[in-house]
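Just below is one structure, and these are the notes that go with it.
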Amino acid sequence: MERTLSIIKPDAVAKNVIGKIIDRFETNGLRVAAIKKLQLSRDDAAKFYEVHRERPFFNDLIDYMTSGPVVVMVLEGENAVAKNRELMGATDPKEAAPGTIRADFAESIEANAVHGSDSLENAQKEIAFFFAQREIL
Ligand code: ATP
Ligand code: MG
């Protein structure tokens, strides 16, 4: 059993497809172990995407991630980290495989509907960033 962090990003929340996205996870063997809707501050978003600080798209990414509410979840299941990334599809929706969340719901390489942790180590850090132990069930 693994746990990973998933974020439904502002573009997808604005489109009112939270339920459709969660259905993809549940249908494919992942469970929602924790969930909340919140608005990221610029400080939160900058800390969360710290690894991208030097990238040319960093400021736009922070603007976008703070442009509206997000839904943050802990997903649990066998190979949860890799399975979530597979269900999400490639970062750029133009390159995402048919049937993936990004192929079906993302707008662009930036407004790409979902985030998923990219390793077990980062999953643990990202989960701790958003959730207390008692919120994960
Ligand atoms: P995420 O970390 O959000 O799950 P990812 O791991 O597929 O996405 P990363 O390379 O970690 O992709 O990039 C983080 C986020 O930064 C992307 O999801 C996207 O919103 C934005 N991003 C990445 N590359 C670009 C780019 N070339 N132009 C604009 N935004 C980008
Ligand atoms: Mg990433």
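Letters A, B, ... go to the chains of the structure tokens in the order shown; residues in each chain start at 1; ligands are counted from 1 in the same order.
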Neighbour list for Tyr49 (chain A) as a PDB file with N, CA and C atoms, in the first residue's frame, cut-off 9 Å, only C-alpha atoms, skip fewer than 5 positions in-chain:
ATOM      1  N   ASP A  44       2.194  29.571   0.047  1.00  0.00           N
ATOM      2  CA  ASP A  44       1.947  28.111  -0.023  1.00  0.00           C
ATOM      3  C   ASP A  44       2.403  27.563  -1.375  1.00  0.00           C
ATOM      4  N   PHE A  58       7.866  29.866 -13.555  1.00  0.00           N
ATOM      5  CA  PHE A  58       7.545  29.817 -12.126  1.00  0.00           C
ATOM      6  C   PHE A  58       6.482  30.842 -11.692  1.00  0.00           C
ATOM      7  N   LEU A  61       3.137  30.018 -12.943  1.00  0.00           N
ATOM      8  CA  LEU A  61       2.629  28.831 -12.241  1.00  0.00           C
ATOM      9  C   LEU A  61       2.026  29.236 -10.889  1.00  0.00           C
ATOM     10  N   ILE A  62       2.688  30.156 -10.190  1.00  0.00           N
ATOM     11  CA  ILE A  62       2.173  30.620  -8.892  1.00  0.00           C
ATOM     12  C   ILE A  62       0.869  31.411  -9.093  1.00  0.00           C
TER      13      ILE A  62
END
Please identify every polymer residue within 10 Å of ligand 1, using only C-alpha atoms and all ligand atoms, and present the set as a tab-separated table (two decimals) with all heavy atoms, in the first residue's frame.
chain	number	residue	atom	x	y	z
A	5	LEU	N	0.02	12.26	-2.99
A	5	LEU	CA	-0.77	13.49	-2.92
A	5	LEU	C	-1.30	13.85	-4.31
A	5	LEU	O	-0.55	13.82	-5.30
A	5	LEU	CB	0.06	14.66	-2.39
A	5	LEU	CG	-0.86	15.88	-2.16
A	5	LEU	CD1	-1.43	15.86	-0.75
A	5	LEU	CD2	-0.16	17.18	-2.43
A	6	SER	N	-2.57	14.18	-4.35
A	6	SER	CA	-3.22	14.62	-5.59
A	6	SER	C	-3.81	16.00	-5.36
A	6	SER	O	-4.36	16.27	-4.29
A	6	SER	CB	-4.34	13.63	-5.94
A	6	SER	OG	-5.15	14.16	-6.97
A	7	ILE	N	-3.68	16.88	-6.35
A	7	ILE	CA	-4.36	18.18	-6.29
A	7	ILE	C	-5.22	18.32	-7.55
A	7	ILE	O	-4.72	18.12	-8.66
A	7	ILE	CB	-3.38	19.37	-6.23
A	7	ILE	CG1	-2.44	19.24	-5.03
A	7	ILE	CG2	-4.14	20.71	-6.17
A	7	ILE	CD1	-1.41	20.38	-4.92
A	8	ILE	N	-6.49	18.64	-7.36
A	8	ILE	CA	-7.33	19.05	-8.49
A	8	ILE	C	-7.13	20.57	-8.58
A	8	ILE	O	-7.44	21.31	-7.66
A	8	ILE	CB	-8.80	18.66	-8.28
A	8	ILE	CG1	-8.91	17.14	-8.08
A	8	ILE	CG2	-9.63	19.11	-9.49
A	8	ILE	CD1	-10.34	16.65	-7.83
A	9	LYS	N	-6.54	21.00	-9.70
A	9	LYS	CA	-6.05	22.38	-9.84
A	9	LYS	C	-7.20	23.35	-10.17
A	9	LYS	O	-8.31	22.92	-10.51
A	9	LYS	CB	-4.96	22.41	-10.91
A	9	LYS	CG	-3.70	21.62	-10.52
A	9	LYS	CD	-2.62	21.77	-11.59
A	9	LYS	CE	-1.36	21.03	-11.22
A	9	LYS	NZ	-0.29	21.24	-12.24
A	48	PHE	N	5.31	24.93	-2.20
A	48	PHE	CA	4.95	23.63	-2.77
A	48	PHE	C	5.74	23.35	-4.05
A	48	PHE	O	6.19	22.24	-4.30
A	48	PHE	CB	3.45	23.58	-3.05
A	48	PHE	CG	3.00	22.23	-3.48
A	48	PHE	CD1	2.86	21.20	-2.56
A	48	PHE	CD2	2.75	21.96	-4.81
A	48	PHE	CE1	2.47	19.94	-2.95
A	48	PHE	CE2	2.36	20.70	-5.22
A	48	PHE	CZ	2.21	19.69	-4.29
A	49	TYR	N	5.90	24.38	-4.90
A	49	TYR	CA	6.60	24.22	-6.19
A	49	TYR	C	8.03	24.76	-6.14
A	49	TYR	O	8.58	25.15	-7.17
A	49	TYR	CB	5.79	24.88	-7.31
A	49	TYR	CG	4.68	24.01	-7.85
A	49	TYR	CD1	3.36	24.45	-7.85
A	49	TYR	CD2	4.93	22.75	-8.41
A	49	TYR	CE1	2.33	23.65	-8.35
A	49	TYR	CE2	3.92	21.96	-8.92
A	49	TYR	CZ	2.62	22.41	-8.90
A	49	TYR	OH	1.61	21.64	-9.41
A	51	VAL	N	10.87	23.43	-6.14
A	51	VAL	CA	11.83	22.83	-7.10
A	51	VAL	C	11.82	23.55	-8.45
A	51	VAL	O	12.78	23.46	-9.20
A	51	VAL	CB	11.60	21.33	-7.37
A	51	VAL	CG1	11.94	20.49	-6.16
A	51	VAL	CG2	10.20	21.04	-7.86
A	52	HIS	N	10.74	24.27	-8.75
A	52	HIS	CA	10.64	24.94	-10.05
A	52	HIS	C	10.98	26.42	-9.98
A	52	HIS	O	10.80	27.15	-10.95
A	52	HIS	CB	9.23	24.79	-10.62
A	52	HIS	CG	8.86	23.36	-10.92
A	52	HIS	ND1	9.64	22.53	-11.68
A	52	HIS	CD2	7.79	22.61	-10.54
A	52	HIS	CE1	9.07	21.34	-11.76
A	52	HIS	NE2	7.95	21.35	-11.07
A	55	ARG	N	12.71	28.10	-12.84
A	55	ARG	CA	12.16	27.89	-14.20
A	55	ARG	C	11.49	29.16	-14.71
A	55	ARG	O	10.91	29.92	-13.92
A	55	ARG	CB	11.11	26.78	-14.20
A	55	ARG	CG	11.60	25.47	-13.68
A	55	ARG	CD	12.28	24.65	-14.75
A	55	ARG	NE	12.23	23.25	-14.35
A	55	ARG	CZ	11.38	22.37	-14.89
A	55	ARG	NH1	10.56	22.72	-15.84
A	55	ARG	NH2	11.39	21.11	-14.46
A	56	PRO	N	11.52	29.38	-16.03
A	56	PRO	CA	10.92	30.61	-16.59
A	56	PRO	C	9.42	30.71	-16.32
A	56	PRO	O	8.88	31.82	-16.27
A	56	PRO	CB	11.20	30.49	-18.09
A	56	PRO	CG	11.59	29.07	-18.34
A	56	PRO	CD	12.18	28.55	-17.06
A	57	PHE	N	8.76	29.57	-16.12
A	57	PHE	CA	7.30	29.60	-15.94
A	57	PHE	C	6.89	29.71	-14.47
A	57	PHE	O	5.70	29.68	-14.15
A	57	PHE	CB	6.65	28.36	-16.59
A	57	PHE	CG	7.15	27.03	-16.07
A	57	PHE	CD1	6.68	26.50	-14.87
A	57	PHE	CD2	8.09	26.30	-16.78
A	57	PHE	CE1	7.12	25.28	-14.38
A	57	PHE	CE2	8.55	25.07	-16.30
A	57	PHE	CZ	8.06	24.56	-15.10
A	58	PHE	N	7.87	29.87	-13.56
A	58	PHE	CA	7.55	29.82	-12.13
A	58	PHE	C	6.48	30.84	-11.69
A	58	PHE	O	5.50	30.50	-11.03
A	58	PHE	CB	8.82	29.98	-11.28
A	58	PHE	CG	8.57	29.88	-9.80
A	58	PHE	CD1	8.33	28.65	-9.20
A	58	PHE	CD2	8.58	31.01	-9.00
A	58	PHE	CE1	8.10	28.55	-7.83
A	58	PHE	CE2	8.35	30.92	-7.63
A	58	PHE	CZ	8.11	29.68	-7.04
A	59	ASN	N	6.66	32.12	-12.10
A	59	ASN	CA	5.71	33.15	-11.66
A	59	ASN	C	4.31	32.90	-12.19
A	59	ASN	O	3.32	33.07	-11.47
A	59	ASN	CB	6.19	34.55	-12.04
A	59	ASN	CG	7.06	35.13	-10.94
A	59	ASN	OD1	6.75	34.97	-9.75
A	59	ASN	ND2	8.16	35.74	-11.33
A	60	ASP	N	4.24	32.49	-13.46
A	60	ASP	CA	2.94	32.16	-14.06
A	60	ASP	C	2.30	30.98	-13.33
A	60	ASP	O	1.08	30.94	-13.12
A	60	ASP	CB	3.09	31.79	-15.55
A	60	ASP	CG	3.40	33.00	-16.40
A	60	ASP	OD1	3.20	34.13	-15.93
A	60	ASP	OD2	3.85	32.80	-17.55
A	61	LEU	N	3.14	30.02	-12.94
A	61	LEU	CA	2.63	28.83	-12.24
A	61	LEU	C	2.03	29.24	-10.89
A	61	LEU	O	0.95	28.75	-10.51
A	61	LEU	CB	3.78	27.82	-12.06
A	61	LEU	CG	3.47	26.54	-11.29
A	61	LEU	CD1	2.37	25.72	-11.97
A	61	LEU	CD2	4.75	25.67	-11.17
A	62	ILE	N	2.69	30.16	-10.19
A	62	ILE	CA	2.17	30.62	-8.89
A	62	ILE	C	0.87	31.41	-9.09
A	62	ILE	O	-0.11	31.23	-8.34
A	62	ILE	CB	3.24	31.47	-8.13
A	62	ILE	CG1	4.51	30.65	-7.90
A	62	ILE	CG2	2.68	32.01	-6.82
A	62	ILE	CD1	4.32	29.27	-7.32
A	64	TYR	N	-1.26	31.06	-11.49
A	64	TYR	CA	-2.29	30.08	-11.85
A	64	TYR	C	-2.76	29.25	-10.64
A	64	TYR	O	-3.98	29.12	-10.39
A	64	TYR	CB	-1.76	29.16	-12.96
A	64	TYR	CG	-2.48	27.86	-13.07
A	64	TYR	CD1	-3.84	27.83	-13.38
A	64	TYR	CD2	-1.84	26.67	-12.83
A	64	TYR	CE1	-4.52	26.63	-13.44
A	64	TYR	CE2	-2.50	25.48	-12.89
A	64	TYR	CZ	-3.84	25.46	-13.19
A	64	TYR	OH	-4.51	24.28	-13.24
A	65	MET	N	-1.82	28.75	-9.86
A	65	MET	CA	-2.20	27.88	-8.72
A	65	MET	C	-2.95	28.63	-7.63
A	65	MET	O	-3.63	28.02	-6.80
A	65	MET	CB	-0.97	27.17	-8.14
A	65	MET	CG	-0.39	26.07	-9.01
A	65	MET	SD	-1.55	24.71	-9.37
A	65	MET	CE	-1.66	23.92	-7.76
A	84	ASN	N	-1.35	6.89	-9.95
A	84	ASN	CA	-1.90	8.25	-10.09
A	84	ASN	C	-1.29	8.96	-11.29
A	84	ASN	O	-2.00	9.57	-12.10
A	84	ASN	CB	-1.65	9.04	-8.79
A	84	ASN	CG	-2.21	10.44	-8.83
A	84	ASN	OD1	-3.25	10.68	-9.44
A	84	ASN	ND2	-1.52	11.37	-8.20
A	85	ARG	N	0.03	8.87	-11.46
A	85	ARG	CA	0.72	9.54	-12.58
A	85	ARG	C	0.21	8.98	-13.91
A	85	ARG	O	0.04	9.71	-14.88
A	85	ARG	CB	2.24	9.34	-12.48
A	85	ARG	CG	2.88	9.94	-11.25
A	85	ARG	CD	3.03	11.43	-11.29
A	85	ARG	NE	3.88	11.91	-12.35
A	85	ARG	CZ	4.27	13.18	-12.47
A	85	ARG	NH1	3.90	14.10	-11.57
A	85	ARG	NH2	5.02	13.55	-13.47
A	88	MET	N	-3.22	10.37	-14.60
A	88	MET	CA	-3.14	11.79	-14.92
A	88	MET	C	-2.80	12.03	-16.39
A	88	MET	O	-3.33	12.92	-17.02
A	88	MET	CB	-2.06	12.48	-14.07
A	88	MET	CG	-2.42	12.66	-12.62
A	88	MET	SD	-0.96	12.96	-11.59
A	88	MET	CE	-0.29	14.44	-12.32
A	89	GLY	N	-1.81	11.28	-16.91
A	89	GLY	CA	-1.31	11.51	-18.26
A	89	GLY	C	-0.20	12.55	-18.27
A	89	GLY	O	0.12	13.14	-17.24
A	90	ALA	N	0.39	12.78	-19.45
A	90	ALA	CA	1.55	13.67	-19.58
A	90	ALA	C	1.21	15.10	-19.17
A	90	ALA	O	0.06	15.53	-19.26
A	90	ALA	CB	2.06	13.64	-21.01
A	91	THR	N	2.25	15.84	-18.72
A	91	THR	CA	2.11	17.23	-18.26
A	91	THR	C	1.37	18.08	-19.29
A	91	THR	O	0.48	18.87	-18.93
A	91	THR	CB	3.51	17.84	-18.00
A	91	THR	OG1	4.25	16.96	-17.15
A	91	THR	CG2	3.40	19.21	-17.35
A	92	ASP	N	1.77	17.95	-20.57
A	92	ASP	CA	1.12	18.70	-21.66
A	92	ASP	C	-0.07	17.88	-22.18
A	92	ASP	O	0.12	16.79	-22.72
A	92	ASP	CB	2.13	18.94	-22.78
A	92	ASP	CG	1.56	19.82	-23.89
A	92	ASP	OD1	0.33	20.05	-23.91
A	92	ASP	OD2	2.36	20.26	-24.73
A	93	PRO	N	-1.28	18.39	-22.02
A	93	PRO	CA	-2.45	17.59	-22.44
A	93	PRO	C	-2.42	17.19	-23.92
A	93	PRO	O	-3.00	16.16	-24.27
A	93	PRO	CB	-3.65	18.50	-22.14
A	93	PRO	CG	-3.10	19.87	-21.91
A	93	PRO	CD	-1.67	19.69	-21.46
A	102	ARG	N	-5.71	14.35	-17.86
A	102	ARG	CA	-5.27	15.56	-18.55
A	102	ARG	C	-5.77	15.61	-19.99
A	102	ARG	O	-6.13	16.68	-20.49
A	102	ARG	CB	-3.75	15.70	-18.45
A	102	ARG	CG	-3.33	16.22	-17.06
A	102	ARG	CD	-1.86	16.08	-16.82
A	102	ARG	NE	-1.40	16.84	-15.65
A	102	ARG	CZ	-0.20	16.68	-15.10
A	102	ARG	NH1	0.65	15.80	-15.60
A	102	ARG	NH2	0.14	17.42	-14.05
A	106	ALA	N	-7.77	18.81	-19.11
A	106	ALA	CA	-6.80	19.92	-19.02
A	106	ALA	C	-6.96	20.90	-20.16
A	106	ALA	O	-7.37	20.53	-21.26
A	106	ALA	CB	-5.38	19.36	-18.99
A	108	SER	N	-4.24	23.30	-20.90
A	108	SER	CA	-2.93	23.64	-21.47
A	108	SER	C	-1.84	23.01	-20.61
A	108	SER	O	-2.13	22.43	-19.57
A	108	SER	CB	-2.76	25.17	-21.45
A	108	SER	OG	-2.72	25.61	-20.09
A	109	ILE	N	-0.58	23.18	-21.04
A	109	ILE	CA	0.55	22.62	-20.26
A	109	ILE	C	0.58	23.22	-18.86
A	109	ILE	O	1.02	22.58	-17.91
A	109	ILE	CB	1.90	22.81	-20.98
A	109	ILE	CG1	3.01	22.00	-20.28
A	109	ILE	CG2	2.28	24.28	-21.09
A	109	ILE	CD1	4.29	21.88	-21.07
A	110	GLU	N	0.09	24.44	-18.70
A	110	GLU	CA	0.08	25.07	-17.38
A	110	GLU	C	-1.20	24.72	-16.60
A	110	GLU	O	-1.13	24.21	-15.48
A	110	GLU	CB	0.20	26.58	-17.51
A	110	GLU	CG	0.16	27.28	-16.16
A	110	GLU	CD	0.28	28.78	-16.32
A	110	GLU	OE1	-0.76	29.42	-16.60
A	110	GLU	OE2	1.38	29.29	-16.19
A	111	ALA	N	-2.34	24.99	-17.22
A	111	ALA	CA	-3.63	24.72	-16.57
A	111	ALA	C	-4.00	23.27	-16.89
A	111	ALA	O	-4.84	22.99	-17.74
A	111	ALA	CB	-4.69	25.69	-17.07
A	112	ASN	N	-3.30	22.35	-16.19
A	112	ASN	CA	-3.38	20.94	-16.61
A	112	ASN	C	-4.14	20.04	-15.62
A	112	ASN	O	-3.84	18.86	-15.47
A	112	ASN	CB	-1.99	20.41	-16.95
A	112	ASN	CG	-1.03	20.47	-15.78
A	112	ASN	OD1	-1.41	20.87	-14.68
A	112	ASN	ND2	0.20	20.06	-16.00
A	113	ALA	N	-5.12	20.63	-14.95
A	113	ALA	CA	-6.17	19.89	-14.21
A	113	ALA	C	-5.76	19.22	-12.90
A	113	ALA	O	-6.53	19.25	-11.93
A	113	ALA	CB	-6.88	18.88	-15.11
A	114	VAL	N	-4.61	18.55	-12.89
A	114	VAL	CA	-4.24	17.79	-11.69
A	114	VAL	C	-2.73	17.85	-11.43
A	114	VAL	O	-1.94	18.05	-12.35
A	114	VAL	CB	-4.65	16.30	-11.80
A	114	VAL	CG1	-6.12	16.10	-11.49
A	114	VAL	CG2	-4.28	15.71	-13.15
A	115	HIS	N	-2.40	17.66	-10.17
A	115	HIS	CA	-1.01	17.43	-9.74
A	115	HIS	C	-0.95	16.05	-9.11
A	115	HIS	O	-1.90	15.63	-8.44
A	115	HIS	CB	-0.58	18.45	-8.68
A	115	HIS	CG	0.64	18.00	-7.91
A	115	HIS	ND1	1.91	18.15	-8.40
A	115	HIS	CD2	0.75	17.33	-6.74
A	115	HIS	CE1	2.77	17.60	-7.52
A	115	HIS	NE2	2.08	17.10	-6.51
A	116	GLY	N	0.18	15.37	-9.28
A	116	GLY	CA	0.42	14.13	-8.56
A	116	GLY	C	1.87	14.03	-8.15
A	116	GLY	O	2.76	14.39	-8.92
A	117	SER	N	2.12	13.55	-6.94
A	117	SER	CA	3.50	13.38	-6.47
A	117	SER	C	4.26	12.51	-7.46
A	117	SER	O	3.71	11.55	-8.01
A	117	SER	CB	3.52	12.69	-5.10
A	117	SER	OG	2.69	13.35	-4.19
A	118	ASP	N	5.58	12.82	-7.64
A	118	ASP	CA	6.35	12.07	-8.64
A	118	ASP	C	7.25	10.98	-8.06
A	118	ASP	O	7.95	10.30	-8.79
A	118	ASP	CB	7.15	13.03	-9.53
A	118	ASP	CG	8.12	13.89	-8.73
A	118	ASP	OD1	8.33	13.61	-7.53
A	118	ASP	OD2	8.67	14.85	-9.32
A	119	SER	N	7.26	10.83	-6.72
A	119	SER	CA	8.02	9.75	-6.09
A	119	SER	C	7.43	9.51	-4.70
A	119	SER	O	6.71	10.38	-4.18
A	119	SER	CB	9.50	10.12	-5.95
A	119	SER	OG	9.64	11.19	-5.02
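Ranking A:Val81, A:Leu38, A:Ala12, A:Ala97 by their shortest atom-to-atom distance to ligand 2, with only C-alpha atoms and all ligand atoms included, puts A:Val81 first.
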Task: helix (DSSP H, G or I) per DSSP on the backbone: members of chain A, as a PyMOL selection string - done: chain A and resi 10-14+18-27+42-48+50-52+58-65+80-88+101-105+120-130+133-135
Store the residues of this selection in a file with C-alpha atoms, as a PDB file, in the first residue's frame.
ATOM      1  CA  PRO A  10      -7.996  25.671 -10.229  1.00  0.00           C
ATOM      2  CA  ASP A  11      -8.983  25.136 -13.889  1.00  0.00           C
ATOM      3  CA  ALA A  12     -10.657  21.790 -13.125  1.00  0.00           C
ATOM      4  CA  VAL A  13     -12.353  23.067  -9.938  1.00  0.00           C
ATOM      5  CA  ALA A  14     -13.704  26.039 -11.953  1.00  0.00           C
ATOM      6  CA  ILE A  18     -14.156  17.451  -9.126  1.00  0.00           C
ATOM      7  CA  GLY A  19     -16.448  14.411  -8.988  1.00  0.00           C
ATOM      8  CA  LYS A  20     -15.555  13.232 -12.493  1.00  0.00           C
ATOM      9  CA  ILE A  21     -11.854  13.342 -11.635  1.00  0.00           C
ATOM     10  CA  ILE A  22     -12.276  11.554  -8.289  1.00  0.00           C
ATOM     11  CA  ASP A  23     -14.300   8.881 -10.125  1.00  0.00           C
ATOM     12  CA  ARG A  24     -11.211   8.090 -12.264  1.00  0.00           C
ATOM     13  CA  PHE A  25      -9.202   7.382  -9.114  1.00  0.00           C
ATOM     14  CA  GLU A  26     -11.906   5.302  -7.407  1.00  0.00           C
ATOM     15  CA  THR A  27     -12.679   3.317 -10.567  1.00  0.00           C
ATOM     16  CA  ARG A  42       1.273  32.722  -2.927  1.00  0.00           C
ATOM     17  CA  ASP A  43       3.533  31.603  -0.116  1.00  0.00           C
ATOM     18  CA  ASP A  44       1.947  28.111  -0.023  1.00  0.00           C
ATOM     19  CA  ALA A  45       2.214  27.712  -3.801  1.00  0.00           C
ATOM     20  CA  ALA A  46       5.824  28.937  -3.922  1.00  0.00           C
ATOM     21  CA  LYS A  47       6.814  26.504  -1.149  1.00  0.00           C
ATOM     22  CA  PHE A  48       4.952  23.631  -2.774  1.00  0.00           C
ATOM     23  CA  GLU A  50       9.995  25.231  -4.707  1.00  0.00           C
ATOM     24  CA  VAL A  51      11.834  22.835  -7.098  1.00  0.00           C
ATOM     25  CA  HIS A  52      10.641  24.936 -10.054  1.00  0.00           C
ATOM     26  CA  PHE A  58       7.545  29.817 -12.126  1.00  0.00           C
ATOM     27  CA  ASN A  59       5.708  33.149 -11.657  1.00  0.00           C
ATOM     28  CA  ASP A  60       2.936  32.161 -14.059  1.00  0.00           C
ATOM     29  CA  LEU A  61       2.629  28.831 -12.241  1.00  0.00           C
ATOM     30  CA  ILE A  62       2.173  30.620  -8.892  1.00  0.00           C
ATOM     31  CA  ASP A  63      -0.395  33.024 -10.438  1.00  0.00           C
ATOM     32  CA  TYR A  64      -2.292  30.077 -11.850  1.00  0.00           C
ATOM     33  CA  MET A  65      -2.201  27.880  -8.724  1.00  0.00           C
ATOM     34  CA  ALA A  80      -0.500   4.678  -5.708  1.00  0.00           C
ATOM     35  CA  VAL A  81       2.299   7.037  -6.823  1.00  0.00           C
ATOM     36  CA  ALA A  82       2.785   5.459 -10.260  1.00  0.00           C
ATOM     37  CA  LYS A  83      -0.885   4.638 -10.740  1.00  0.00           C
ATOM     38  CA  ASN A  84      -1.901   8.247 -10.090  1.00  0.00           C
ATOM     39  CA  ARG A  85       0.721   9.540 -12.576  1.00  0.00           C
ATOM     40  CA  GLU A  86      -0.538   7.019 -15.159  1.00  0.00           C
ATOM     41  CA  LEU A  87      -4.175   8.097 -14.692  1.00  0.00           C
ATOM     42  CA  MET A  88      -3.143  11.793 -14.924  1.00  0.00           C
ATOM     43  CA  ILE A 101      -7.420  12.919 -16.851  1.00  0.00           C
ATOM     44  CA  ARG A 102      -5.268  15.560 -18.551  1.00  0.00           C
ATOM     45  CA  ALA A 103      -6.325  14.465 -22.051  1.00  0.00           C
ATOM     46  CA  ASP A 104      -9.973  14.790 -21.021  1.00  0.00           C
ATOM     47  CA  PHE A 105      -9.993  17.798 -18.654  1.00  0.00           C
ATOM     48  CA  LEU A 120       7.248   8.041  -2.790  1.00  0.00           C
ATOM     49  CA  GLU A 121       9.669  10.394  -1.019  1.00  0.00           C
ATOM     50  CA  ASN A 122       8.011  13.508  -2.456  1.00  0.00           C
ATOM     51  CA  ALA A 123       4.577  12.031  -1.716  1.00  0.00           C
ATOM     52  CA  GLN A 124       5.455  11.836   1.985  1.00  0.00           C
ATOM     53  CA  LYS A 125       6.691  15.442   2.013  1.00  0.00           C
ATOM     54  CA  GLU A 126       3.689  16.749   0.057  1.00  0.00           C
ATOM     55  CA  ILE A 127       1.178  14.888   2.244  1.00  0.00           C
ATOM     56  CA  ALA A 128       2.796  16.348   5.382  1.00  0.00           C
ATOM     57  CA  PHE A 129       2.634  19.830   3.783  1.00  0.00           C
ATOM     58  CA  PHE A 130      -1.190  19.675   3.625  1.00  0.00           C
ATOM     59  CA  GLN A 133      -1.925  12.554  10.690  1.00  0.00           C
ATOM     60  CA  ARG A 134      -5.418  12.623  12.235  1.00  0.00           C
ATOM     61  CA  GLU A 135      -6.919  13.836   8.925  1.00  0.00           C
TER      62      GLU A 135
END
TODO: Calculate how many Å separate CA of Met1 (chain A) from CA of Glu95 (chain A), rounding to one decimal.
DONE: 29.3 Å
- [ ] Identify, with DSSP run on backbone atoms, the residues in region 14-136 of chain A assigned to strand (DSSP E), and express the list as a list in words.
- [x]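 Checking each residue of region 14-136 of chain A, the strand (DSSP E) ones are Arg31, Val32, Ala33, Ala34, Ile35, Lys36, Lys37, Leu38, Val70, Val71, Val72, Met73, Val74, Leu75, Glu76, Gly77, Val114, His115 and Gly116 of chain A.
The coordinates place CA of Leu40 (chain A) at 10.1 Å from CA of Val71 (chain A).
In this structure, CA of Gly99 (chain A) sits 23.5 Å away from CA of Glu2 (chain A).
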